[in-house]
>>> print(open('final.cif').read())   # mmCIF, C-alpha atoms
data_query
#
loop_
_atom_site.label_atom_id
_atom_site.label_comp_id
_atom_site.auth_asym_id
_atom_site.auth_seq_id
_atom_site.Cartn_x
_atom_site.Cartn_y
_atom_site.Cartn_z
CA MET A 1 146.79 87.02 67.95
CA MET A 2 143.88 87.12 70.38
CA MET A 3 144.43 83.52 71.45
CA LYS A 4 148.12 84.17 72.03
CA THR A 5 147.33 87.12 74.32
CA ALA A 6 144.79 85.11 76.29
CA ASN A 7 147.27 82.24 76.55
CA ASP A 8 150.00 84.62 77.77
CA ILE A 9 147.66 86.06 80.44
CA VAL A 10 146.71 82.61 81.72
CA ASN A 11 150.39 81.56 81.84
CA TRP A 12 151.28 84.76 83.71
CA ILE A 13 148.47 84.14 86.28
CA LEU A 14 149.69 80.58 86.88
CA GLN A 15 153.42 81.41 87.01
CA SER A 16 153.13 84.53 89.16
CA GLY A 17 151.22 82.81 91.95
CA LEU A 18 148.23 85.12 91.53
CA LEU A 19 145.90 82.14 91.35
CA VAL A 20 147.21 80.79 94.65
CA TRP A 21 146.90 84.22 96.26
CA LEU A 22 143.33 84.63 94.95
CA PHE A 23 142.41 81.19 96.28
CA TYR A 24 143.94 81.98 99.69
CA PHE A 25 142.24 85.39 99.82
CA GLY A 26 138.88 83.87 98.88
CA PHE A 27 139.28 81.20 101.54
CA ALA A 28 140.32 83.72 104.21
CA VAL A 29 137.36 85.98 103.45
CA GLY A 30 134.85 83.21 102.83
CA LYS A 31 135.61 81.00 105.82
CA PRO A 32 134.33 83.41 108.54
CA PHE A 33 131.25 84.11 106.43
CA ILE A 34 130.48 80.41 106.04
CA GLU A 35 131.17 79.75 109.73
CA SER A 36 128.78 82.53 110.74
CA LYS A 37 126.11 81.05 108.48
CA ILE A 38 126.63 77.61 110.05
CA LYS A 39 126.49 79.08 113.57
CA HIS A 40 123.30 80.97 112.71
CA ALA A 41 121.71 77.83 111.30
CA LYS A 42 122.61 75.84 114.44
CA THR A 43 121.24 78.60 116.69
CA THR A 44 118.01 78.74 114.72
CA GLN A 45 117.71 74.96 114.82
CA GLU A 46 118.32 74.86 118.59
CA GLN A 47 115.74 77.60 119.13
CA ALA A 48 113.17 75.70 117.08
CA LEU A 49 113.96 72.51 118.99
CA TRP A 50 113.53 74.32 122.33
CA GLU A 51 110.19 75.79 121.20
CA LEU A 52 109.06 72.30 120.17
CA ALA A 53 110.10 70.92 123.56
CA LEU A 54 108.13 73.68 125.32
CA GLN A 55 105.03 72.96 123.23
CA LEU A 56 105.32 69.24 123.93
CA ALA A 57 105.84 69.94 127.64
CA MET A 58 102.79 72.22 127.74
CA THR A 59 100.67 69.52 126.07
CA ALA A 60 101.98 66.86 128.45
CA VAL A 61 101.31 69.07 131.48
CA ASN A 62 97.81 70.04 130.38
CA SER A 63 96.91 66.41 129.72
CA ARG A 64 97.74 65.53 133.32
CA VAL A 65 95.88 68.35 135.07
CA GLY A 66 93.12 66.95 137.23
CA LYS A 67 94.43 63.38 137.24
CA ASN A 68 94.47 61.75 140.63
CA ILE A 69 98.24 61.17 140.88
CA SER A 70 100.93 63.02 142.77
CA GLY A 71 102.72 66.03 141.32
CA GLN A 72 106.00 64.13 141.20
CA GLU A 73 104.39 61.34 139.18
CA LYS A 74 102.83 63.87 136.80
CA PHE A 75 106.21 65.55 136.38
CA ALA A 76 108.01 62.24 135.74
CA GLN A 77 105.35 61.11 133.25
CA ALA A 78 105.43 64.43 131.40
CA VAL A 79 109.24 64.33 131.15
CA ALA A 80 109.14 60.73 129.92
CA GLU A 81 106.46 61.57 127.34
CA VAL A 82 108.39 64.53 125.93
CA GLN A 83 111.63 62.53 125.89
CA SER A 84 110.07 59.57 124.11
CA TYR A 85 108.43 61.79 121.46
CA LEU A 86 111.68 63.61 120.72
CA THR A 87 113.63 60.35 120.62
CA ALA A 88 111.08 58.83 118.24
CA LYS A 89 111.59 61.81 115.92
CA GLY A 90 115.38 61.47 116.10
CA LEU A 91 115.87 64.67 118.10
CA HIS A 92 118.07 64.82 121.16
CA ILE A 93 117.74 67.15 124.14
CA GLU A 94 119.37 66.56 127.51
CA THR A 95 117.05 65.31 130.24
CA LYS A 96 117.75 68.36 132.41
CA GLN A 97 116.56 70.64 129.61
CA ILE A 98 113.40 68.59 129.19
CA GLN A 99 112.81 68.79 132.93
CA ALA A 100 113.24 72.56 132.75
CA ALA A 101 110.74 72.74 129.89
CA VAL A 102 108.19 70.67 131.82
CA GLN A 103 108.71 72.78 134.95
CA SER A 104 108.26 75.92 132.87
CA ALA A 105 105.09 74.46 131.37
CA TYR A 106 103.71 73.75 134.85
CA GLU A 107 104.45 77.32 135.91
CA MET A 108 102.92 78.84 132.75
CA SER A 109 99.86 76.61 132.65
CA MET A 110 96.62 78.41 133.42
CA LEU A 111 95.17 75.05 134.42
CA THR A 112 97.66 74.59 137.27
CA PRO A 113 96.28 76.40 140.32
CA THR A 114 98.38 78.60 142.56
CA VAL A 115 97.50 78.09 146.20
CA ASN A 116 97.61 81.02 148.60
CA PRO A 117 99.40 79.75 151.74
CA ASN A 118 97.86 82.56 153.85
CA GLU A 119 94.32 81.24 153.35
CA ASP A 120 92.90 78.52 155.56
CA LYS A 121 90.23 77.54 153.03
CA SER A 122 91.51 74.13 152.01
CA ASP A 123 88.42 73.26 150.00
CA THR A 124 88.73 76.19 147.58
CA ILE A 125 91.77 76.78 145.47
CA LYS A 126 92.11 80.34 144.26
CA LYS A 127 94.38 81.64 141.57
CA VAL A 128 96.79 84.13 143.08
CA ASP A 129 99.25 86.31 141.23
CA PRO A 130 102.54 85.70 143.08
CA VAL A 131 104.05 88.98 141.87
CA LEU A 132 101.06 90.97 143.11
CA GLU A 133 101.26 89.25 146.50
CA ALA A 134 105.00 89.97 146.73
CA ILE A 135 104.38 93.63 145.95
CA LYS A 136 101.66 93.84 148.60
CA THR A 137 103.81 92.24 151.30
CA ALA A 138 107.14 93.87 150.44
CA PRO A 139 108.29 96.80 152.60
CA ASN A 140 108.35 100.10 150.80
CA ARG A 141 112.06 100.83 150.67
CA ALA A 142 111.62 103.86 148.44
CA ASN A 143 110.02 105.84 151.29
CA LYS A 144 112.80 104.86 153.68
CA LEU A 145 115.53 105.90 151.22
CA THR A 146 113.80 109.24 150.58
CA LEU A 147 113.47 109.90 154.31
CA ASP A 148 117.13 108.98 154.97
CA LYS A 149 118.36 111.46 152.33
CA THR A 150 116.13 114.20 153.76
CA VAL A 151 117.59 113.67 157.24
CA GLU A 152 121.15 113.75 155.87
CA ALA A 153 120.48 116.97 154.00
CA LYS A 154 119.11 118.69 157.14
CA GLY A 155 121.74 117.27 159.48
#
>>> encode(input="final.cif", output="structure tokens")
Amino acid sequence: MMMKTANDIVNWILQSGLLVWLFYFGFAVGKPFIESKIKHAKTTQEQALWELALQLAMTAVNSRVGKNISGQEKFAQAVAEVQSYLTAKGLHIETKQIQAAVQSAYEMSMLTPTVNPNEDKSDTIKKVDPVLEAIKTAPNRANKLTLDKTVEAKG
């Protein structure tokens, strides 16, 4: 009797289309979930690849500091070194992105000096914080705006 009931239930599921509906419902619900997991994995992989490129660029930049070649040659060599390493490992990043990583590495490197154009001392290179210099030389607009509102209020 038990087998007959189980057999009747299975036949009813197959004949009524419930199995097809369950499959469709599972696919409709599962597909966005799986796609989001794939997208997350790709994003994580791209982020890791970008971090690797930045580390390689920083190493390439630091290895060229102090060498007696022009900045353009250092840049080209650093880009070529990062590109060849990534290619050897089977990883692909566009050349423009590698150039951006190398440029970023040059800007972040503590070994790359920042020259103050206002100084005439060509024999000494000082590190200058460009943001601090911009703040020092920028006009103080806040005072002007405050004064303008005071005049309007009195006028």
>>> resolve_selection(input="final.cif", expression="the PyMOL selection byres ((chain A and resi 100) around 12)", output="CSV table (one decimal) with C-alpha atoms, keeping the file's coordinate frame")
chain,number,residue,atom,x,y,z
A,50,TRP,CA,113.5,74.3,122.3
A,53,ALA,CA,110.1,70.9,123.6
A,54,LEU,CA,108.1,73.7,125.3
A,57,ALA,CA,105.8,69.9,127.6
A,58,MET,CA,102.8,72.2,127.7
A,75,PHE,CA,106.2,65.6,136.4
A,76,ALA,CA,108.0,62.2,135.7
A,78,ALA,CA,105.4,64.4,131.4
A,79,VAL,CA,109.2,64.3,131.2
A,82,VAL,CA,108.4,64.5,125.9
A,93,ILE,CA,117.7,67.2,124.1
A,94,GLU,CA,119.4,66.6,127.5
A,95,THR,CA,117.0,65.3,130.2
A,96,LYS,CA,117.8,68.4,132.4
A,97,GLN,CA,116.6,70.6,129.6
A,98,ILE,CA,113.4,68.6,129.2
A,99,GLN,CA,112.8,68.8,132.9
A,101,ALA,CA,110.7,72.7,129.9
A,102,VAL,CA,108.2,70.7,131.8
A,103,GLN,CA,108.7,72.8,135.0
A,104,SER,CA,108.3,75.9,132.9
A,105,ALA,CA,105.1,74.5,131.4
A,106,TYR,CA,103.7,73.8,134.8
A,107,GLU,CA,104.4,77.3,135.9
>>> closest_residue(input="final.cif", among="A:Gly66, A:Leu49, A:Val29, A:Gln77", to="Gly90 in chain A", atoms="all atoms listed in the file")
A:Leu49
>>> atom_distance(input="final.cif", atom1="CA of Asp8 in chain A", atom2="CA of Phe27 in chain A")
26.3 Å
